[in-house]
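*Asks:* What follows is the file run14.csv, containing CSV, C-alpha atoms:
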chain,number,residue,atom,x,y,z
L,1,ALA,CA,34.4,-124.0,-43.1
L,2,PRO,CA,32.4,-121.1,-41.9
L,3,VAL,CA,31.4,-118.7,-44.6
L,4,ALA,CA,32.7,-115.2,-44.1
L,5,ALA,CA,30.0,-112.5,-43.7
L,6,VAL,CA,29.8,-110.3,-46.7
L,7,PRO,CA,29.8,-106.6,-45.6
L,8,VAL,CA,26.7,-104.8,-46.6
L,9,ALA,CA,27.1,-101.2,-47.4
L,10,ALA,CA,24.8,-98.8,-45.5
L,11,PRO,CA,22.0,-97.4,-47.6
L,12,ALA,CA,22.8,-93.9,-48.9
L,13,SER,CA,21.0,-91.3,-47.0
L,14,ASN,CA,18.6,-88.9,-48.8
L,15,THR,CA,18.7,-85.5,-47.2
L,16,PHE,CA,15.4,-84.5,-48.8
L,17,VAL,CA,13.6,-87.6,-47.6
L,18,ALA,CA,15.2,-87.3,-44.1
L,19,CYS,CA,13.5,-83.9,-43.7
L,20,PHE,CA,10.2,-85.8,-43.4
L,21,ASN,CA,11.4,-88.4,-40.9
L,22,ILE,CA,8.9,-88.1,-38.1
L,23,GLN,CA,11.3,-89.6,-35.5
L,24,ASP,CA,14.0,-87.0,-36.2
L,25,ILE,CA,11.4,-84.2,-36.3
L,26,TRP,CA,10.0,-85.2,-32.9
L,27,LYS,CA,13.5,-85.6,-31.4
L,28,SER,CA,14.4,-82.1,-32.6
L,29,PHE,CA,11.1,-80.7,-31.3
L,30,ARG,CA,11.7,-82.1,-27.8
L,31,ALA,CA,15.4,-81.1,-27.7
L,32,ILE,CA,16.5,-78.5,-25.1
L,33,ARG,CA,19.5,-76.4,-25.0
L,34,PRO,CA,22.5,-77.6,-22.9
L,35,PRO,CA,22.7,-76.2,-19.4
L,36,GLY,CA,25.1,-73.4,-20.2
L,37,LYS,CA,22.9,-71.9,-23.0
L,38,ARG,CA,19.4,-71.9,-21.5
L,39,GLU,CA,19.3,-68.2,-20.6
L,40,TYR,CA,17.6,-67.5,-23.9
L,41,ASN,CA,15.0,-70.2,-23.7
L,42,PHE,CA,12.3,-67.6,-23.6
L,43,LEU,CA,13.0,-66.8,-27.3
L,44,ASP,CA,11.5,-70.2,-28.3
L,45,GLY,CA,8.2,-69.3,-26.6
L,46,ILE,CA,8.1,-65.9,-28.5
L,47,ARG,CA,8.9,-67.6,-31.8
L,48,VAL,CA,6.1,-70.2,-31.3
L,49,TRP,CA,3.6,-67.6,-30.2
L,50,SER,CA,4.5,-65.3,-33.1
L,51,MET,CA,4.4,-67.9,-35.8
L,52,SER,CA,1.1,-69.3,-34.5
L,53,TRP,CA,-0.3,-65.8,-34.5
L,54,VAL,CA,0.8,-65.3,-38.1
L,55,ILE,CA,-0.8,-68.6,-39.2
L,56,LEU,CA,-4.0,-67.8,-37.4
L,57,GLY,CA,-4.4,-64.4,-39.0
L,58,HIS,CA,-3.5,-65.6,-42.5
L,59,SER,CA,-5.9,-68.6,-42.2
L,60,TYR,CA,-8.8,-66.2,-41.7
L,61,LEU,CA,-7.6,-63.9,-44.5
L,62,ASN,CA,-7.3,-66.7,-47.0
L,63,TRP,CA,-10.8,-68.0,-46.1
L,64,LEU,CA,-12.3,-64.5,-46.2
L,65,PHE,CA,-10.9,-63.6,-49.6
L,66,ALA,CA,-11.3,-67.0,-51.2
L,67,GLY,CA,-15.0,-66.2,-51.9
L,68,ALA,CA,-16.6,-68.1,-49.0
L,69,SER,CA,-20.4,-68.1,-49.2
L,70,ASN,CA,-20.9,-67.1,-45.5
L,71,ALA,CA,-18.2,-64.4,-45.4
L,72,ALA,CA,-20.8,-61.7,-44.6
L,73,ILE,CA,-21.3,-63.1,-41.1
L,74,LEU,CA,-17.6,-62.5,-40.3
L,75,LEU,CA,-17.5,-58.8,-41.0
L,76,PRO,CA,-19.6,-56.2,-42.9
L,77,PHE,CA,-18.7,-55.7,-46.5
L,78,GLY,CA,-20.9,-52.6,-46.7
L,79,PRO,CA,-22.6,-50.4,-44.1
L,80,PRO,CA,-22.7,-52.4,-40.9
L,81,ASN,CA,-25.9,-53.5,-39.4
L,82,PRO,CA,-26.0,-52.2,-35.8
L,83,ASN,CA,-28.4,-55.0,-34.8
L,84,TYR,CA,-26.3,-57.9,-36.0
L,85,HIS,CA,-23.4,-59.3,-33.9
L,86,TYR,CA,-20.7,-60.2,-36.4
L,87,VAL,CA,-18.2,-62.9,-35.7
L,88,LEU,CA,-15.4,-60.3,-35.8
L,89,GLN,CA,-17.0,-58.7,-32.7
L,90,LYS,CA,-16.5,-61.9,-30.6
L,91,PHE,CA,-13.8,-61.7,-28.0
L,92,TYR,CA,-11.6,-64.5,-29.4
L,93,MET,CA,-11.5,-62.8,-32.8
L,94,MET,CA,-9.4,-60.0,-31.2
L,95,PHE,CA,-6.4,-62.2,-31.9
L,96,VAL,CA,-7.3,-62.4,-35.6
L,97,GLU,CA,-7.9,-58.7,-36.0
L,98,TYR,CA,-4.6,-57.8,-34.4
L,99,ALA,CA,-2.6,-60.6,-35.9
L,100,PHE,CA,-0.7,-57.9,-37.7
L,101,PHE,CA,1.1,-57.2,-34.5
L,102,SER,CA,2.8,-60.6,-34.7
L,103,VAL,CA,5.1,-59.0,-37.2
L,104,ASP,CA,6.2,-56.6,-34.5
L,105,SER,CA,7.3,-59.5,-32.3
L,106,PHE,CA,9.6,-60.7,-35.1
L,107,PHE,CA,11.1,-57.3,-35.5
L,108,PHE,CA,11.7,-57.3,-31.8
L,109,LEU,CA,13.5,-60.6,-32.0
L,110,SER,CA,15.5,-59.5,-35.0
L,111,GLY,CA,16.8,-56.4,-33.2
L,112,LEU,CA,17.5,-58.4,-30.0
L,113,LEU,CA,19.4,-61.2,-31.7
L,114,ALA,CA,21.3,-59.0,-34.2
L,115,THR,CA,22.6,-56.9,-31.3
L,116,LEU,CA,23.7,-60.0,-29.4
L,117,SER,CA,25.4,-61.5,-32.5
L,118,MET,CA,27.2,-58.3,-33.4
L,119,TRP,CA,28.4,-57.8,-29.8
L,120,HIS,CA,29.8,-61.4,-29.6
L,121,SER,CA,31.6,-60.8,-32.9
L,122,LEU,CA,33.2,-57.6,-31.7
L,123,GLN,CA,34.2,-59.2,-28.4
L,124,ARG,CA,35.7,-62.2,-30.2
L,125,ASN,CA,37.7,-60.2,-32.8
L,126,TYR,CA,38.7,-57.0,-31.0
L,127,SER,CA,40.1,-57.7,-27.6
L,128,GLY,CA,41.4,-54.2,-27.3
L,129,GLY,CA,38.0,-52.8,-26.2
L,130,GLY,CA,36.2,-49.8,-27.5
L,131,ALA,CA,39.4,-48.0,-28.7
L,132,GLU,CA,40.2,-50.9,-31.1
L,133,VAL,CA,36.6,-51.2,-32.2
L,134,LEU,CA,36.6,-47.5,-33.1
L,135,ARG,CA,39.9,-47.6,-34.8
L,136,LYS,CA,39.0,-50.6,-37.0
L,137,SER,CA,35.4,-49.5,-37.7
L,138,TYR,CA,36.3,-48.8,-41.3
L,139,ALA,CA,36.7,-52.6,-41.7
L,140,TRP,CA,34.1,-54.3,-39.5
L,141,ILE,CA,31.1,-52.0,-40.3
L,142,PRO,CA,31.2,-52.8,-44.0
L,143,LEU,CA,31.8,-56.5,-43.2
L,144,ALA,CA,28.7,-56.4,-40.9
L,145,TYR,CA,26.6,-55.2,-43.8
L,146,LEU,CA,28.1,-57.8,-46.1
L,147,ALA,CA,27.5,-60.6,-43.7
L,148,ARG,CA,23.9,-59.6,-43.4
L,149,VAL,CA,23.4,-59.4,-47.1
L,150,LEU,CA,25.0,-62.8,-47.6
L,151,ARG,CA,22.8,-64.3,-45.0
L,152,ILE,CA,19.5,-62.9,-46.5
L,153,VAL,CA,19.9,-62.6,-50.2
L,154,PRO,CA,20.4,-66.2,-51.4
L,155,MET,CA,17.2,-67.6,-49.9
L,156,MET,CA,15.3,-64.3,-50.6
L,157,MET,CA,16.2,-64.4,-54.3
L,158,PHE,CA,15.6,-68.1,-54.5
L,159,VAL,CA,12.0,-67.7,-53.4
L,160,THR,CA,11.7,-64.7,-55.7
L,161,ALA,CA,12.8,-66.8,-58.6
L,162,ILE,CA,10.1,-69.4,-57.8
L,163,GLN,CA,7.4,-66.8,-58.0
L,164,TRP,CA,9.1,-65.2,-61.0
L,165,GLN,CA,9.4,-68.3,-63.2
L,166,LEU,CA,7.2,-71.1,-61.6
L,167,SER,CA,4.2,-69.7,-59.7
L,168,ASP,CA,2.3,-68.7,-62.9
L,169,GLN,CA,2.5,-72.4,-64.0
L,170,LEU,CA,1.3,-73.9,-60.6
L,171,PRO,CA,-2.4,-73.1,-60.6
L,172,GLY,CA,-4.4,-75.9,-62.2
L,173,GLY,CA,-7.7,-76.5,-63.9
L,174,TYR,CA,-10.2,-74.0,-65.1
L,175,HIS,CA,-9.2,-71.5,-62.3
L,176,VAL,CA,-6.2,-70.3,-64.3
L,177,VAL,CA,-6.7,-66.8,-65.7
L,178,THR,CA,-3.1,-66.0,-66.6
L,179,ARG,CA,0.3,-67.6,-67.2
L,180,ASP,CA,2.5,-64.5,-67.1
L,181,GLN,CA,1.2,-62.3,-64.3
L,182,TYR,CA,4.0,-62.7,-61.7
L,183,ASN,CA,6.6,-63.1,-64.5
L,184,GLY,CA,5.7,-59.6,-65.6
L,185,TYR,CA,5.8,-58.2,-62.0
L,186,CYS,CA,9.1,-59.8,-61.1
L,187,THR,CA,10.8,-58.9,-64.5
L,188,LYS,CA,10.0,-55.3,-63.8
L,189,ASP,CA,10.9,-55.2,-60.1
L,190,TRP,CA,13.4,-57.9,-59.2
L,191,TYR,CA,16.3,-55.5,-58.6
L,192,LYS,CA,14.1,-53.5,-56.1
L,193,ILE,CA,13.9,-56.7,-54.1
L,194,LEU,CA,17.6,-57.4,-54.4
L,195,PHE,CA,18.5,-54.0,-53.1
L,196,PHE,CA,15.9,-54.0,-50.3
L,197,TYR,CA,13.8,-50.9,-51.3
L,198,ALA,CA,10.6,-52.1,-53.0
L,199,ASN,CA,8.6,-51.4,-49.9
L,200,LEU,CA,9.6,-47.7,-50.0
L,201,LEU,CA,8.0,-47.3,-53.4
L,202,TYR,CA,4.6,-48.7,-52.6
L,203,LYS,CA,3.0,-45.3,-51.7
L,204,ASN,CA,3.4,-44.1,-55.3
L,205,ASP,CA,3.3,-47.4,-57.1
L,206,ASN,CA,0.7,-50.0,-56.2
L,207,GLU,CA,2.6,-52.7,-58.1
L,208,ALA,CA,5.9,-52.1,-56.3
L,209,ILE,CA,5.4,-55.1,-54.0
L,210,ALA,CA,3.4,-57.2,-56.4
L,211,CYS,CA,6.4,-59.4,-56.9
L,212,MET,CA,7.0,-61.3,-53.6
L,213,GLY,CA,5.2,-58.7,-51.6
L,214,HIS,CA,5.8,-60.8,-48.5
L,215,LEU,CA,9.4,-59.7,-48.5
L,216,TRP,CA,8.5,-56.2,-47.4
L,217,TYR,CA,9.3,-57.5,-43.9
L,218,ILE,CA,12.9,-58.4,-44.9
L,219,GLN,CA,13.3,-55.0,-46.6
L,220,CYS,CA,12.2,-53.2,-43.5
L,221,ASP,CA,14.4,-55.3,-41.3
L,222,MET,CA,17.4,-54.6,-43.5
L,223,GLN,CA,16.7,-50.8,-43.6
L,224,MET,CA,16.6,-50.8,-39.8
L,225,PHE,CA,19.7,-52.9,-39.5
L,226,LEU,CA,21.7,-50.1,-41.3
L,227,PHE,CA,21.7,-48.2,-38.1
L,228,LEU,CA,22.8,-51.1,-35.8
L,229,PRO,CA,26.6,-51.1,-36.5
L,230,TRP,CA,26.8,-47.4,-35.6
L,231,ILE,CA,24.9,-47.9,-32.4
L,232,MET,CA,27.2,-50.8,-31.5
L,233,LEU,CA,30.2,-48.6,-32.3
L,234,GLN,CA,28.8,-46.0,-29.8
L,235,PHE,CA,28.1,-48.8,-27.2
L,236,SER,CA,31.6,-50.2,-27.5
L,237,VAL,CA,33.1,-46.8,-26.7
L,238,ASN,CA,30.6,-45.8,-24.1
L,239,LYS,CA,27.9,-48.2,-23.0
L,240,MET,CA,25.4,-45.6,-21.6
L,241,ALA,CA,25.8,-43.4,-24.7
L,242,GLY,CA,25.1,-46.5,-26.9
L,243,ILE,CA,21.9,-47.3,-24.9
L,244,TYR,CA,20.7,-43.7,-25.1
L,245,THR,CA,21.4,-43.7,-28.9
L,246,SER,CA,19.3,-46.8,-29.3
L,247,LEU,CA,16.4,-45.1,-27.7
L,248,VAL,CA,16.4,-42.3,-30.3
L,249,PRO,CA,14.7,-44.3,-33.1
L,250,ILE,CA,12.1,-45.5,-30.6
L,251,VAL,CA,11.1,-42.0,-29.7
L,252,ILE,CA,11.1,-40.9,-33.3
L,253,CYS,CA,8.9,-43.8,-34.3
L,254,VAL,CA,6.4,-43.3,-31.5
L,255,GLY,CA,6.2,-39.6,-32.4
L,256,ILE,CA,5.5,-40.5,-36.0
L,257,ARG,CA,2.8,-42.9,-35.1
L,258,ILE,CA,1.1,-40.4,-32.8
L,259,TYR,CA,1.1,-37.8,-35.6
L,260,TYR,CA,-0.3,-40.3,-38.1
L,261,GLY,CA,-3.0,-41.2,-35.5
L,262,PHE,CA,-4.2,-37.7,-35.1
L,263,TYR,CA,-3.6,-36.4,-38.7
L,264,TYR,CA,-4.7,-39.4,-40.8
L,265,ARG,CA,-6.8,-41.0,-38.0
L,266,PHE,CA,-5.0,-44.3,-38.4
L,267,SER,CA,-6.2,-46.8,-35.7
L,268,ALA,CA,-4.6,-49.8,-34.2
L,269,ASN,CA,-7.1,-52.1,-35.9
L,270,PHE,CA,-5.7,-52.2,-39.5
L,271,PHE,CA,-8.1,-55.1,-40.4
L,272,LEU,CA,-11.4,-53.3,-39.7
L,273,PRO,CA,-10.7,-49.7,-38.6
L,274,SER,CA,-13.4,-48.0,-36.5
L,275,TYR,CA,-13.5,-44.9,-38.8
L,276,PRO,CA,-12.2,-43.9,-42.2
L,277,ALA,CA,-8.8,-42.3,-42.7
L,278,GLN,CA,-8.6,-38.5,-43.3
L,279,HIS,CA,-6.4,-36.4,-45.6
L,280,ASP,CA,-6.2,-39.1,-48.2
L,281,GLY,CA,-4.4,-41.4,-45.8
L,282,ASN,CA,-3.8,-45.0,-46.7
L,283,GLU,CA,-2.6,-47.0,-43.7
L,284,GLY,CA,-1.1,-49.7,-45.9
L,285,GLN,CA,0.9,-47.3,-48.1
L,286,ASP,CA,1.7,-44.6,-45.5
L,287,SER,CA,2.3,-46.7,-42.4
L,288,TYR,CA,2.2,-50.5,-42.6
L,289,PHE,CA,5.1,-51.3,-45.0
L,290,VAL,CA,7.6,-48.6,-44.1
L,291,PRO,CA,10.4,-48.8,-41.4
L,292,TRP,CA,9.8,-45.4,-39.8
L,293,THR,CA,6.5,-46.6,-38.3
L,294,ARG,CA,7.9,-50.1,-37.5
L,295,MET,CA,11.3,-49.4,-36.0
L,296,SER,CA,10.2,-48.8,-32.4
L,297,VAL,CA,9.9,-52.5,-31.6
L,298,TYR,CA,13.1,-53.3,-33.5
L,299,PHE,CA,15.1,-50.9,-31.5
L,300,ILE,CA,13.3,-51.8,-28.2
L,301,GLY,CA,14.9,-55.2,-28.9
L,302,VAL,CA,18.3,-53.5,-29.5
L,303,ALA,CA,18.0,-51.4,-26.4
L,304,LEU,CA,16.9,-54.3,-24.2
L,305,MET,CA,19.9,-56.5,-25.3
L,306,LEU,CA,22.3,-53.6,-24.7
L,307,ILE,CA,20.9,-53.2,-21.2
L,308,MET,CA,21.1,-57.0,-20.6
L,309,ILE,CA,24.8,-56.9,-21.8
L,310,THR,CA,25.6,-54.0,-19.5
L,311,ILE,CA,23.9,-55.6,-16.4
L,312,ASP,CA,25.6,-59.0,-17.1
L,313,GLU,CA,29.0,-57.4,-17.4
L,314,ARG,CA,28.5,-55.4,-14.2
L,315,MET,CA,27.3,-58.5,-12.3
L,316,LYS,CA,30.3,-60.5,-13.5
L,317,SER,CA,32.6,-57.7,-12.4
L,318,TYR,CA,31.2,-57.1,-9.0
L,319,ARG,CA,29.7,-60.4,-8.0
L,320,PRO,CA,30.9,-63.1,-10.4
L,321,GLN,CA,29.4,-65.9,-8.4
L,322,ILE,CA,25.9,-64.6,-8.8
L,323,GLN,CA,23.8,-64.7,-12.0
L,324,PHE,CA,21.4,-61.9,-12.7
L,325,ARG,CA,17.7,-63.0,-12.7
L,326,LEU,CA,14.5,-61.1,-12.4
L,327,SER,CA,12.7,-61.6,-9.1
L,328,LYS,CA,9.4,-63.4,-9.2
L,329,ILE,CA,7.5,-60.2,-8.3
L,330,VAL,CA,9.1,-58.3,-11.3
L,331,TYR,CA,8.5,-61.3,-13.6
L,332,PHE,CA,4.8,-61.6,-12.9
L,333,ALA,CA,4.4,-57.8,-12.9
L,334,VAL,CA,5.8,-57.7,-16.5
L,335,MET,CA,3.6,-60.6,-17.5
L,336,ALA,CA,0.5,-58.9,-16.1
L,337,LEU,CA,1.4,-55.6,-17.9
L,338,SER,CA,2.0,-57.5,-21.1
L,339,GLY,CA,-1.4,-59.2,-20.8
L,340,PHE,CA,-3.1,-55.9,-20.1
L,341,ILE,CA,-1.6,-54.3,-23.2
L,342,LEU,CA,-2.6,-57.3,-25.3
L,343,LEU,CA,-6.2,-57.4,-24.0
L,344,SER,CA,-6.6,-53.6,-24.3
Turn the structure described in the file into structure tokens.

*Replies:*
Amino acid sequence: APVAAVPVAAPASNTFVACFNIQDIWKSFRAIRPPGKREYNFLDGIRVWSMSWVILGHSYLNWLFAGASNAAILLPFGPPNPNYHYVLQKFYMMFVEYAFFSVDSFFFLSGLLATLSMWHSLQRNYSGGGAEVLRKSYAWIPLAYLARVLRIVPMMMFVTAIQWQLSDQLPGGYHVVTRDQYNGYCTKDWYKILFFYANLLYKNDNEAIACMGHLWYIQCDMQMFLFLPWIMLQFSVNKMAGIYTSLVPIVICVGIRIYYGFYYRFSANFFLPSYPAQHDGNEGQDSYFVPWTRMSVYFIGVALMLIMITIDERMKSYRPQIQFRLSKIVYFAVMALSGFILLS
């Protein structure tokens, strides 16, 4: 008589190991959005460009400050030699010198996508239009803040805990000089990270961002997000008023940057400025880590999404069979202008 096949249980999957499955990674890398959701494909290009730019800049920084024997050929560490052509003066190094601007592209994306997400949430939960959004603002505005905090805080504090308790133990060999440096920094300042204000203290406290200083970006982003629900409230009631409101932080930020440029002589090249700052200015403490000099790109993203929403709704109202698209002339004109700004 034939022997019945013995069922074999499928091997238990290991989520951690699956993260390193090259076939799944390649499949995800090549995946495209379904036909109905491809209008935001351009965001993938911005993400890739921005992240590559961050990696490029930090690769040079790590090499430079790791004590390389030929670091002096990259840039002058003392008075520059006018007869020597440093590597930093080569054309391609422009992308390294200005890699700090890659952060601005992430702020732009954050403002753009946070606006879209909040608008979809309001449309889904309040079908009564602007009047209902205004009437129930006492509920959804605090919930918007809570949702943002719940999205950011768990992972933010998880990586903070790693630096707090583990990072001092990770360096090996004779290079170890301390086993409690970051433990001391984070024990003193962890709550400043939790409540998103460590970056605001850096001007008067050099150790304010010593614990997980990379999170200054998240802190700036959260501080700028505080204004977004109020702009969306205005936009829900009156679309043009909401758009004009979103332009106010842009104008304020540009005005501050112009003032800092003339008063402190801060330049666009934060890596190797052309001349020293004046009036005891410190571009890192006074400008780089604070939201009032960063918020223009964030709210450009907000304003752009509000304009896109307005155009989309008007097109659906008047000509529902036609989708709004930029003409080829406008598209290439924008690309040419962007390239000119980058190369300048």

*Asks:* Which protein, DNA or RNA residues are at most 10 Å from (22.4, -46.9, -30.5) in the file's coordinates when you count all atoms listed in the file, listed as JSON, numbers by chain?

*Replies:* {"L": [227, 228, 229, 230, 231, 232, 233, 234, 235, 239, 240, 241, 242, 243, 244, 245, 246, 247, 248, 249, 299, 302, 303, 306]}

*Asks:* How many Å separate CA of Asn183 in chain L from CA of Met212 in chain L?

*Replies:*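 Result for CA of Asn183 in chain L versus CA of Met212 in chain L: 11.1 Å, one decimal.
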
*Asks:* One decimal, in Å: what's the spacing between CA of Ala131 in chain L and CA of Arg148 in chain L?

*Replies:*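 Result for CA of Ala131 in chain L versus CA of Arg148 in chain L: 24.3 Å, one decimal.
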
*Asks:* Just checking: using all atoms listed in the file, which residue out of L:Ala277, L:Phe108, L:Glu39, L:Arg30 ends up closest to Tyr264 in chain L?

*Replies:*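 Using all atoms listed in the file, Tyr264 in chain L sits closest to L:Ala277.
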
*Asks:* In Å to one decimal, how far is CA of Tyr182 in chain L from CA of Ile162 in chain L?

*Replies:*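 We find that CA of Ile162 in chain L and CA of Tyr182 in chain L lie 9.9 Å from each other.
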
*Asks:* Select, from L:Asn70, L:Thr178, L:Ser121, L:Ser287, the residue with the minimum atom-to-atom distance to Ser267 in chain L, counting all atoms listed in the file.

*Replies:* L:Ser287

*Asks:* Hey, which of L:Ser236, L:Glu283, L:Ile256, L:Met93 ends up closest to Gln123 in chain L? Count all atoms listed in the file.

*Replies:*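 Among the listed residues, the smallest separation from Gln123 in chain L belongs to L:Ser236.
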
*Asks:* Kindly indicate which residue among L:Val133, L:Leu215, L:Ala336, L:Ala147 lies nearest to Ser117 in chain L, using only C-alpha atoms for the distances.

*Replies:*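 Closest to Ser117 in chain L of all the choices is L:Ala147.
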
*Asks:* Please identify all polymer residues within 12 Å of Gly301 in chain L, counting only C-alpha atoms, omitting same-chain residues fewer than 2 positions from it, and present them as number ranges by chain.

*Replies:* L: 43, 104-116, 224-225, 228, 243, 246-247, 249-250, 295-299, 303-308

*Asks:* List the spatial neighbours of Gln181 in chain L as a PDB file with C-alpha atoms, in the coordinates of the input - criterion: any atom at most 10 Å away, only C-alpha atoms, same-chain residues fewer than 3 positions off excluded.

*Replies:*
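Ended up saving to out_7.pdb:
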ATOM      1  CA  GLN L 163       7.400 -66.800 -58.000  1.00  0.00           C
ATOM      2  CA  TRP L 164       9.100 -65.200 -61.000  1.00  0.00           C
ATOM      3  CA  SER L 167       4.200 -69.700 -59.700  1.00  0.00           C
ATOM      4  CA  ASP L 168       2.300 -68.700 -62.900  1.00  0.00           C
ATOM      5  CA  VAL L 177      -6.700 -66.800 -65.700  1.00  0.00           C
ATOM      6  CA  THR L 178      -3.100 -66.000 -66.600  1.00  0.00           C
ATOM      7  CA  GLY L 184       5.700 -59.600 -65.600  1.00  0.00           C
ATOM      8  CA  TYR L 185       5.800 -58.200 -62.000  1.00  0.00           C
ATOM      9  CA  CYS L 186       9.100 -59.800 -61.100  1.00  0.00           C
ATOM     10  CA  ALA L 210       3.400 -57.200 -56.400  1.00  0.00           C
ATOM     11  CA  CYS L 211       6.400 -59.400 -56.900  1.00  0.00           C
TER      12      CYS L 211
END
